[in-house]
Amino acid sequence: MKKILFAGLVVLSCIANAQEVKKDEIAKEVVRVLDSINKVNVAEEKTKVKKEHWYDNIGIRGYVQVRYNGLFSSNDKVSCDQCDKSWGTTSTAIDAKSNNGLFIRRARIVFSGQIHPNVYFYIQPDFASSPSTGINNFAQIRDAYFDLSFDAKKEFRVRVGQSKVPFGFENLQSSQNRLTLDRNDALNSAVANERDLGVFFYWAPSKIRERFAMLVKDGYKGSGDYGVFAFGAYNGQTANKSEANRNLHVVTRVSYPFEVGGQIIETGIQAYTGKWAFTNELSTGVTTSDKLYTLDQRVAASFILYPKPFGVQAEYNIGKGPRYDKMTNTVESSDLEGGYVTLNYKWDLPKHQYIYPFAKFQYYDGGKKFEKDARSYVVRDYELGIEWQPIKAFELVAEWVIADRTFEDSALPNNRQRGNLLRLQAQFNF
């Protein structure tokens, strides 16, 4: 096209010279032809397909949680090391100093994207990790995985890397969306930080995947998309720790969100089995019959009525796992059980504001394999709270806790602590 227009311009000039056309008329004709050439160039540029790069599809988001647990505490020895290291004391020692000050509970940035029609990646570091040294705000990987899908709708996929283990609705529910400040002890004691290094297969129809996404996006406190059916294998030593034996844990889960009238009810069942390996968790003098292959298995049921506007969330699990026995000063695999129920309400206000009142009761009788001496627990806690979300970028939670927690190991074989306190959290979403 460009060559044709150029040739036309040459011919036009020759004709003009031959006919002795005035110079200003020739100039006008030249401008007209050049303008036509420019329009052709613009049209051709618009028809070109823009070449996409993998990094064009990367998104960045995150959130930060700042807490204060120092209001109206009646007993600073009530604590939960797994839940929140700023709650109560830093250890179980009788003379331990309280650390109920301001605390960055989470500071996370998520990098994610569909870098290929069949490959999705998700990397989430946390800059507020708190190791046992007592120094806060270390950077640590929480998630680092890839999803490989096998069909155009991405209904069948395999997840490879460090990610959440599909066991328990509240475990899978992001802390960014959860109402209560901490997860329940009963199911969360299955997997510290809810994550491990493994390979997991997920399947869900595209319609249900959209429903899972909606339950998070529209403020119904969903768990996210972990499939209708899940099956996988993982190390079993929890996140950011190397495998300590040659026995992989195996897990499976089935969960489905049903539409019943105007409500959505999700029911689920999940189970895992494996062998736990102790590394440096046992104190001097504490023995176990099999340090590398202690039985660790559970089964759990879940029931969720999403808040439209009233909601119920309940789970319960039973099983066997490592637990400290103060009578024999040993750790063996023993029975465990426990669960929780949370009642909540979604109150929609003008200008996209939300208020969520909630109440929770939890119970757990069992051990925590990843804590010192597989610490023995009996927990009966009540929580009453409210979350206010005036804008999408900010949330404020106030939670009153009535705690009754027994947690015993070789250093403190008789340790039942009861108390109340008010906990506050400001969360910023970006």
# chains A, B, ... in the order shown; residues from 1 in each chain; ligands from 1
>>> residues_around(residues="Trp87 (chain A)", least_positions_apart="5", cutoff="10 Å", atoms="only C-alpha atoms", output="NGL selection string")
:A and (67-70 or 73 or 76-81 or 98-101 or 103 or 421 or 423)
>>> write_last_selection(atoms="C-alpha atoms", output="PDB file, in the first residue's frame")
ATOM      1  CA  ARG A  67      -1.915  -6.000  67.151  1.00  0.00           C
ATOM      2  CA  TYR A  68      -2.113  -4.942  70.768  1.00  0.00           C
ATOM      3  CA  ASN A  69      -2.920  -7.512  73.458  1.00  0.00           C
ATOM      4  CA  GLY A  70      -2.208  -5.470  76.586  1.00  0.00           C
ATOM      5  CA  SER A  73      -5.399  -8.715  80.890  1.00  0.00           C
ATOM      6  CA  ASP A  76      -0.408 -12.608  81.492  1.00  0.00           C
ATOM      7  CA  LYS A  77       0.593 -16.257  81.817  1.00  0.00           C
ATOM      8  CA  VAL A  78      -2.307 -17.182  79.537  1.00  0.00           C
ATOM      9  CA  SER A  79      -0.652 -17.472  76.139  1.00  0.00           C
ATOM     10  CA  CYS A  80      -0.620 -19.322  72.838  1.00  0.00           C
ATOM     11  CA  ASP A  81       2.798 -19.550  71.209  1.00  0.00           C
ATOM     12  CA  SER A  98       4.995 -10.305  79.580  1.00  0.00           C
ATOM     13  CA  ASN A  99       5.343  -8.928  76.071  1.00  0.00           C
ATOM     14  CA  ASN A 100       1.829  -7.548  75.578  1.00  0.00           C
ATOM     15  CA  GLY A 101       3.005  -4.617  73.467  1.00  0.00           C
ATOM     16  CA  PHE A 103       3.255  -6.244  67.538  1.00  0.00           C
ATOM     17  CA  LEU A 421      -8.175  -9.856  77.953  1.00  0.00           C
ATOM     18  CA  ARG A 423      -7.236  -7.875  71.888  1.00  0.00           C
TER      19      ARG A 423
END
>>> select_by_dssp(residues="region 186-351 of chain A", states="helix (DSSP H, G or I)", output="PyMOL selection string")
chain A and resi 186-188+192-194+206-217+350-351
>>> select_by_dssp(residues="region 289-352 of chain A", states="strand (DSSP E)", output="NGL selection string")
:A and (294-305 or 310-325 or 330-345 or 347-349)
>>> closest_residue(among="A:Gln173, A:Pro131, A:Gln114, A:Asn317", to="Ser149 (chain A)", atoms="only C-alpha atoms")
A:Gln114
>>> closest_atom_pairs(of="region 249-314 of chain A", to="region 333-344 of chain A", cutoff="7 Å", atoms="only C-alpha atoms", output="JSON lines")
{"residue": "A:Thr294", "atom": "CA", "partner": "A:Ser333", "partner_atom": "CA", "distance": 6.3}
{"residue": "A:Leu295", "atom": "CA", "partner": "A:Ser333", "partner_atom": "CA", "distance": 5.9}
{"residue": "A:Pro307", "atom": "CA", "partner": "A:Asn344", "partner_atom": "CA", "distance": 6.7}
{"residue": "A:Phe310", "atom": "CA", "partner": "A:Asn344", "partner_atom": "CA", "distance": 6.1}
{"residue": "A:Gly311", "atom": "CA", "partner": "A:Asn344", "partner_atom": "CA", "distance": 5.0}
{"residue": "A:Val312", "atom": "CA", "partner": "A:Leu343", "partner_atom": "CA", "distance": 4.8}
{"residue": "A:Gln313", "atom": "CA", "partner": "A:Thr342", "partner_atom": "CA", "distance": 5.0}
{"residue": "A:Ala314", "atom": "CA", "partner": "A:Val341", "partner_atom": "CA", "distance": 4.2}
>>> closest_residue(among="A:Ile265, A:Ile386, A:Ala139, A:Leu412", to="Trp400 (chain A)", atoms="only C-alpha atoms")
A:Ile386
>>> atom_distance(atom1="CA of Lys221 (chain A)", atom2="CA of Arg178 (chain A)")
6.3 Å
>>> closest_residue(among="A:Arg195, A:Ala186, A:Leu424, A:Leu248", to="Val378 (chain A)", atoms="only C-alpha atoms")
A:Ala186
>>> residues_around(residues="Ala244 (chain A)", least_positions_apart="5", cutoff="8 Å", atoms="only C-alpha atoms", output="list in words")
Gln237, Ala277, Phe278, Thr279 and Leu292 of chain A
>>> atom_distance(atom1="CA of Thr273 (chain A)", atom2="CA of Leu148 (chain A)")
25.2 Å
>>> residues_around(residues="Ile115 (chain A)", least_positions_apart="5", cutoff="12 Å", atoms="only C-alpha atoms", output="PyMOL selection string")
chain A and resi 52-59+120-122+146-148
>>> atom_distance(atom1="CA of Pro117 (chain A)", atom2="CA of Tyr145 (chain A)")
16.1 Å
>>> residues_around(residues="Phe200 (chain A)", least_positions_apart="4", cutoff="10 Å", atoms="only C-alpha atoms", output="short mmCIF file (atom, residue, chain, number, x, y, z; two decimals) with all heavy atoms, in the first residue's frame")
data_model
loop_
_atom_site.label_atom_id
_atom_site.label_comp_id
_atom_site.auth_asym_id
_atom_site.auth_seq_id
_atom_site.Cartn_x
_atom_site.Cartn_y
_atom_site.Cartn_z
N ASP A 147 0.95 -23.83 39.92
CA ASP A 147 -0.20 -24.64 39.53
C ASP A 147 -0.07 -24.99 38.05
O ASP A 147 0.03 -24.08 37.21
CB ASP A 147 -1.52 -23.90 39.74
CG ASP A 147 -1.97 -23.92 41.19
OD1 ASP A 147 -1.29 -24.56 42.01
OD2 ASP A 147 -3.01 -23.32 41.50
N ARG A 157 -5.84 -29.48 38.09
CA ARG A 157 -4.54 -28.85 38.25
C ARG A 157 -3.72 -29.57 39.32
O ARG A 157 -4.28 -30.19 40.23
CB ARG A 157 -4.67 -27.37 38.59
CG ARG A 157 -5.52 -27.09 39.81
CD ARG A 157 -6.10 -25.66 39.81
NE ARG A 157 -7.19 -25.54 40.75
CZ ARG A 157 -7.10 -24.98 41.96
NH1 ARG A 157 -5.95 -24.48 42.37
NH2 ARG A 157 -8.14 -24.91 42.74
N VAL A 158 -2.42 -29.45 39.20
CA VAL A 158 -1.48 -29.98 40.19
C VAL A 158 -0.68 -28.82 40.75
O VAL A 158 -0.15 -28.00 39.99
CB VAL A 158 -0.55 -31.04 39.57
CG1 VAL A 158 0.56 -31.40 40.55
CG2 VAL A 158 -1.33 -32.29 39.19
N ARG A 159 -0.60 -28.74 42.06
CA ARG A 159 0.14 -27.68 42.74
C ARG A 159 1.44 -28.26 43.29
O ARG A 159 1.43 -29.24 44.05
CB ARG A 159 -0.71 -27.07 43.85
CG ARG A 159 -0.01 -25.99 44.66
CD ARG A 159 -1.02 -25.22 45.50
NE ARG A 159 -1.96 -24.50 44.64
CZ ARG A 159 -3.00 -23.80 45.09
NH1 ARG A 159 -3.23 -23.74 46.40
NH2 ARG A 159 -3.79 -23.17 44.26
N VAL A 160 2.55 -27.64 42.91
CA VAL A 160 3.87 -28.12 43.32
C VAL A 160 4.59 -27.00 44.07
O VAL A 160 4.70 -25.88 43.56
CB VAL A 160 4.71 -28.55 42.10
CG1 VAL A 160 6.06 -29.08 42.55
CG2 VAL A 160 3.96 -29.59 41.27
N GLY A 161 5.10 -27.31 45.27
CA GLY A 161 5.84 -26.32 46.03
C GLY A 161 5.37 -26.24 47.47
O GLY A 161 4.71 -27.16 47.98
N SER A 163 2.90 -24.81 50.06
CA SER A 163 1.57 -24.22 50.05
C SER A 163 0.78 -24.77 51.22
O SER A 163 1.27 -25.61 51.99
CB SER A 163 0.85 -24.53 48.73
OG SER A 163 0.59 -25.93 48.62
N LYS A 164 -0.46 -24.31 51.36
CA LYS A 164 -1.31 -24.80 52.43
C LYS A 164 -1.68 -26.27 52.19
O LYS A 164 -1.99 -26.67 51.07
CB LYS A 164 -2.58 -23.95 52.54
CG LYS A 164 -2.32 -22.57 53.12
CD LYS A 164 -3.60 -21.82 53.38
CE LYS A 164 -3.32 -20.49 54.07
NZ LYS A 164 -4.58 -19.73 54.34
N VAL A 165 -1.66 -27.03 53.28
CA VAL A 165 -2.09 -28.42 53.23
C VAL A 165 -3.62 -28.44 53.30
O VAL A 165 -4.20 -27.82 54.19
CB VAL A 165 -1.48 -29.22 54.40
CG1 VAL A 165 -2.02 -30.64 54.43
CG2 VAL A 165 0.04 -29.22 54.31
N PRO A 166 -4.31 -29.10 52.38
CA PRO A 166 -5.78 -29.07 52.36
C PRO A 166 -6.40 -29.88 53.50
O PRO A 166 -6.93 -30.98 53.30
CB PRO A 166 -6.12 -29.66 50.99
CG PRO A 166 -4.96 -30.53 50.65
CD PRO A 166 -3.76 -29.86 51.24
N TYR A 226 -9.67 -24.33 46.91
CA TYR A 226 -8.83 -25.50 47.15
C TYR A 226 -9.52 -26.76 46.61
O TYR A 226 -9.30 -27.87 47.10
CB TYR A 226 -8.49 -25.63 48.63
CG TYR A 226 -7.57 -24.54 49.09
CD1 TYR A 226 -8.08 -23.33 49.55
CD2 TYR A 226 -6.19 -24.68 49.02
CE1 TYR A 226 -7.25 -22.30 49.95
CE2 TYR A 226 -5.34 -23.66 49.41
CZ TYR A 226 -5.87 -22.47 49.87
OH TYR A 226 -5.02 -21.44 50.26
N ALA A 230 -9.44 -32.86 46.64
CA ALA A 230 -8.01 -32.64 46.76
C ALA A 230 -7.33 -33.92 47.22
O ALA A 230 -7.88 -34.68 48.02
CB ALA A 230 -7.72 -31.52 47.75
N PHE A 231 -6.13 -34.14 46.72
CA PHE A 231 -5.34 -35.30 47.13
C PHE A 231 -3.87 -34.95 46.94
O PHE A 231 -3.50 -34.33 45.93
CB PHE A 231 -5.68 -36.54 46.30
CG PHE A 231 -4.86 -37.74 46.67
CD1 PHE A 231 -5.20 -38.52 47.77
CD2 PHE A 231 -3.74 -38.09 45.92
CE1 PHE A 231 -4.46 -39.64 48.12
CE2 PHE A 231 -2.98 -39.20 46.27
CZ PHE A 231 -3.34 -39.98 47.37
N GLY A 232 -3.04 -35.31 47.93
CA GLY A 232 -1.63 -34.98 47.77
C GLY A 232 -0.74 -35.61 48.82
O GLY A 232 -1.19 -36.31 49.73
N ALA A 233 0.56 -35.34 48.66
CA ALA A 233 1.58 -35.83 49.58
C ALA A 233 2.51 -34.69 49.92
O ALA A 233 2.82 -33.84 49.08
CB ALA A 233 2.36 -36.99 48.96
N TYR A 234 2.97 -34.66 51.20
CA TYR A 234 3.83 -33.57 51.64
C TYR A 234 4.80 -34.11 52.69
O TYR A 234 4.61 -35.19 53.26
CB TYR A 234 3.02 -32.40 52.19
CG TYR A 234 2.11 -32.73 53.35
CD1 TYR A 234 2.47 -32.41 54.66
CD2 TYR A 234 0.88 -33.35 53.16
CE1 TYR A 234 1.63 -32.70 55.73
CE2 TYR A 234 0.04 -33.65 54.22
CZ TYR A 234 0.41 -33.32 55.49
OH TYR A 234 -0.41 -33.61 56.55
N VAL A 250 0.23 -38.16 53.67
CA VAL A 250 -0.74 -38.21 52.58
C VAL A 250 -2.04 -37.60 53.07
O VAL A 250 -2.50 -37.90 54.18
CB VAL A 250 -0.99 -39.66 52.10
CG1 VAL A 250 -2.05 -39.69 51.00
CG2 VAL A 250 0.32 -40.27 51.58
N VAL A 251 -2.66 -36.71 52.27
CA VAL A 251 -3.87 -36.01 52.67
C VAL A 251 -4.90 -36.04 51.56
O VAL A 251 -4.55 -36.09 50.37
CB VAL A 251 -3.53 -34.53 53.04
CG1 VAL A 251 -3.02 -33.77 51.82
CG2 VAL A 251 -4.74 -33.83 53.64
N THR A 252 -6.17 -36.02 51.92
CA THR A 252 -7.25 -35.91 50.95
C THR A 252 -8.38 -35.09 51.55
O THR A 252 -8.54 -35.04 52.78
CB THR A 252 -7.77 -37.29 50.50
OG1 THR A 252 -8.69 -37.12 49.41
CG2 THR A 252 -8.47 -38.02 51.64
#
>>> residues_around(residues="Arg183 (chain A)", least_positions_apart="3", cutoff="8 Å", atoms="only C-alpha atoms", output="list in words")
Cys83, Glu170, Asn171, Thr180 and Asn188 of chain A
>>> write_last_selection(atoms="N, CA and C atoms", output="PDB file, in the first residue's frame")
ATOM      1  N   CYS A  83      -0.398 -19.356  68.260  1.00  0.00           N
ATOM      2  CA  CYS A  83      -1.365 -18.375  67.769  1.00  0.00           C
ATOM      3  C   CYS A  83      -0.731 -17.016  67.521  1.00  0.00           C
ATOM      4  N   GLU A 170     -10.849 -23.545  58.228  1.00  0.00           N
ATOM      5  CA  GLU A 170     -10.230 -22.372  58.844  1.00  0.00           C
ATOM      6  C   GLU A 170      -8.732 -22.334  58.587  1.00  0.00           C
ATOM      7  N   ASN A 171      -8.095 -23.496  58.471  1.00  0.00           N
ATOM      8  CA  ASN A 171      -6.678 -23.525  58.110  1.00  0.00           C
ATOM      9  C   ASN A 171      -6.463 -22.946  56.717  1.00  0.00           C
ATOM     10  N   THR A 180     -11.920 -14.152  63.456  1.00  0.00           N
ATOM     11  CA  THR A 180     -11.206 -14.290  64.718  1.00  0.00           C
ATOM     12  C   THR A 180      -9.710 -14.054  64.505  1.00  0.00           C
ATOM     13  N   ASN A 188      -5.656 -26.489  63.817  1.00  0.00           N
ATOM     14  CA  ASN A 188      -4.415 -25.827  63.447  1.00  0.00           C
ATOM     15  C   ASN A 188      -3.191 -26.549  64.007  1.00  0.00           C
TER      16      ASN A 188
END
>>> closest_residue(among="A:Glu408, A:Gln162, A:Leu187, A:Leu384", to="Leu422 (chain A)", atoms="only C-alpha atoms")
A:Leu384
>>> decode(residues="region 274-390 of chain A", atoms="C-alpha atoms", output="tab-separated table (two decimals), in the first residue's frame")
chain	number	residue	atom	x	y	z
A	274	GLY	CA	1.90	-40.01	58.21
A	275	LYS	CA	4.81	-40.39	60.63
A	276	TRP	CA	6.23	-37.46	62.59
A	277	ALA	CA	9.99	-37.15	63.13
A	278	PHE	CA	11.36	-35.32	66.17
A	279	THR	CA	14.47	-33.24	65.52
A	280	ASN	CA	15.29	-30.89	68.42
A	281	GLU	CA	11.84	-30.61	70.03
A	282	LEU	CA	12.50	-33.02	72.92
A	283	SER	CA	14.07	-31.79	76.16
A	284	THR	CA	16.88	-33.63	77.95
A	285	GLY	CA	15.41	-36.58	79.83
A	286	VAL	CA	12.23	-36.78	77.73
A	287	THR	CA	12.08	-40.03	75.77
A	288	THR	CA	9.93	-41.49	73.02
A	289	SER	CA	9.66	-45.03	71.67
A	290	ASP	CA	10.26	-44.03	68.04
A	291	LYS	CA	11.84	-40.64	67.51
A	292	LEU	CA	11.62	-40.72	63.70
A	293	TYR	CA	8.33	-42.51	63.07
A	294	THR	CA	5.64	-41.45	65.54
A	295	LEU	CA	2.12	-42.01	64.23
A	296	ASP	CA	0.38	-38.78	63.18
A	297	GLN	CA	-3.10	-39.03	61.64
A	298	ARG	CA	-6.45	-37.22	61.74
A	299	VAL	CA	-9.89	-36.96	60.18
A	300	ALA	CA	-12.05	-33.82	60.33
A	301	ALA	CA	-15.51	-32.64	59.30
A	302	SER	CA	-16.47	-29.08	58.34
A	303	PHE	CA	-19.78	-27.21	58.11
A	304	ILE	CA	-20.04	-23.61	56.91
A	305	LEU	CA	-23.19	-21.54	56.50
A	306	TYR	CA	-21.95	-18.38	54.83
A	307	PRO	CA	-23.16	-15.10	56.42
A	308	LYS	CA	-26.07	-14.00	54.21
A	309	PRO	CA	-26.47	-12.27	56.62
A	310	PHE	CA	-26.25	-14.84	59.49
A	311	GLY	CA	-23.49	-17.43	59.36
A	312	VAL	CA	-22.18	-20.50	61.16
A	313	GLN	CA	-18.72	-22.05	60.89
A	314	ALA	CA	-17.98	-25.31	62.69
A	315	GLU	CA	-15.30	-28.02	62.49
A	316	TYR	CA	-14.23	-31.01	64.55
A	317	ASN	CA	-11.36	-33.48	64.25
A	318	ILE	CA	-10.22	-36.68	65.93
A	319	GLY	CA	-7.06	-38.69	65.56
A	320	LYS	CA	-3.73	-39.71	67.03
A	321	GLY	CA	-0.55	-37.72	67.41
A	322	PRO	CA	2.52	-37.07	69.56
A	323	ARG	CA	1.73	-35.79	73.07
A	324	TYR	CA	3.68	-35.26	76.28
A	325	ASP	CA	2.78	-37.50	79.23
A	326	LYS	CA	3.80	-35.91	82.53
A	327	MET	CA	3.29	-39.13	84.48
A	328	THR	CA	6.03	-40.94	82.57
A	329	ASN	CA	7.98	-37.95	81.20
A	330	THR	CA	7.66	-39.43	77.71
A	331	VAL	CA	6.11	-38.53	74.36
A	332	GLU	CA	3.96	-41.09	72.59
A	333	SER	CA	1.23	-41.10	69.96
A	334	SER	CA	-2.06	-40.71	71.82
A	335	ASP	CA	-5.69	-39.87	71.13
A	336	LEU	CA	-6.66	-36.27	70.36
A	337	GLU	CA	-9.90	-34.46	69.63
A	338	GLY	CA	-11.37	-31.01	69.40
A	339	GLY	CA	-13.05	-28.38	67.32
A	340	TYR	CA	-14.83	-25.04	67.35
A	341	VAL	CA	-18.01	-23.23	66.37
A	342	THR	CA	-18.16	-19.61	65.21
A	343	LEU	CA	-21.36	-17.60	64.87
A	344	ASN	CA	-21.14	-14.48	62.73
A	345	TYR	CA	-23.23	-11.84	61.03
A	346	LYS	CA	-22.57	-9.71	57.91
A	347	TRP	CA	-24.03	-6.22	58.28
A	348	ASP	CA	-23.87	-4.18	55.07
A	349	LEU	CA	-23.68	-0.42	55.57
A	350	PRO	CA	-23.83	2.46	53.06
A	351	LYS	CA	-20.75	3.28	50.97
A	352	HIS	CA	-19.55	-0.35	50.98
A	353	GLN	CA	-18.88	-0.50	54.71
A	354	TYR	CA	-19.20	-3.81	56.57
A	355	ILE	CA	-19.55	-4.80	60.21
A	356	TYR	CA	-19.12	-8.42	61.31
A	357	PRO	CA	-20.08	-9.32	64.91
A	358	PHE	CA	-18.89	-12.81	65.89
A	359	ALA	CA	-18.72	-15.28	68.77
A	360	LYS	CA	-16.54	-18.40	68.96
A	361	PHE	CA	-16.04	-21.34	71.29
A	362	GLN	CA	-13.18	-23.78	70.85
A	363	TYR	CA	-12.08	-26.97	72.58
A	364	TYR	CA	-8.97	-29.10	72.16
A	365	ASP	CA	-7.57	-32.07	74.07
A	366	GLY	CA	-4.30	-33.26	72.53
A	367	GLY	CA	-0.67	-32.50	71.80
A	368	LYS	CA	1.20	-30.10	69.54
A	369	LYS	CA	3.93	-32.11	67.87
A	370	PHE	CA	5.96	-29.09	66.69
A	371	GLU	CA	6.21	-27.46	70.14
A	372	LYS	CA	8.63	-28.36	72.94
A	373	ASP	CA	8.12	-31.97	74.13
A	374	ALA	CA	5.00	-32.22	71.93
A	375	ARG	CA	3.38	-30.01	74.55
A	376	SER	CA	0.09	-31.36	75.99
A	377	TYR	CA	-2.99	-29.10	75.71
A	378	VAL	CA	-6.49	-28.85	77.07
A	379	VAL	CA	-8.15	-25.69	75.73
A	380	ARG	CA	-11.57	-24.18	76.41
A	381	ASP	CA	-11.75	-20.64	75.04
A	382	TYR	CA	-14.58	-18.20	74.35
A	383	GLU	CA	-14.15	-15.23	72.02
A	384	LEU	CA	-16.56	-12.33	71.44
A	385	GLY	CA	-15.66	-9.74	68.86
A	386	ILE	CA	-16.50	-7.37	66.05
A	387	GLU	CA	-14.79	-6.44	62.80
A	388	TRP	CA	-15.39	-3.06	61.18
A	389	GLN	CA	-14.38	-2.51	57.55
A	390	PRO	CA	-15.03	1.17	56.68
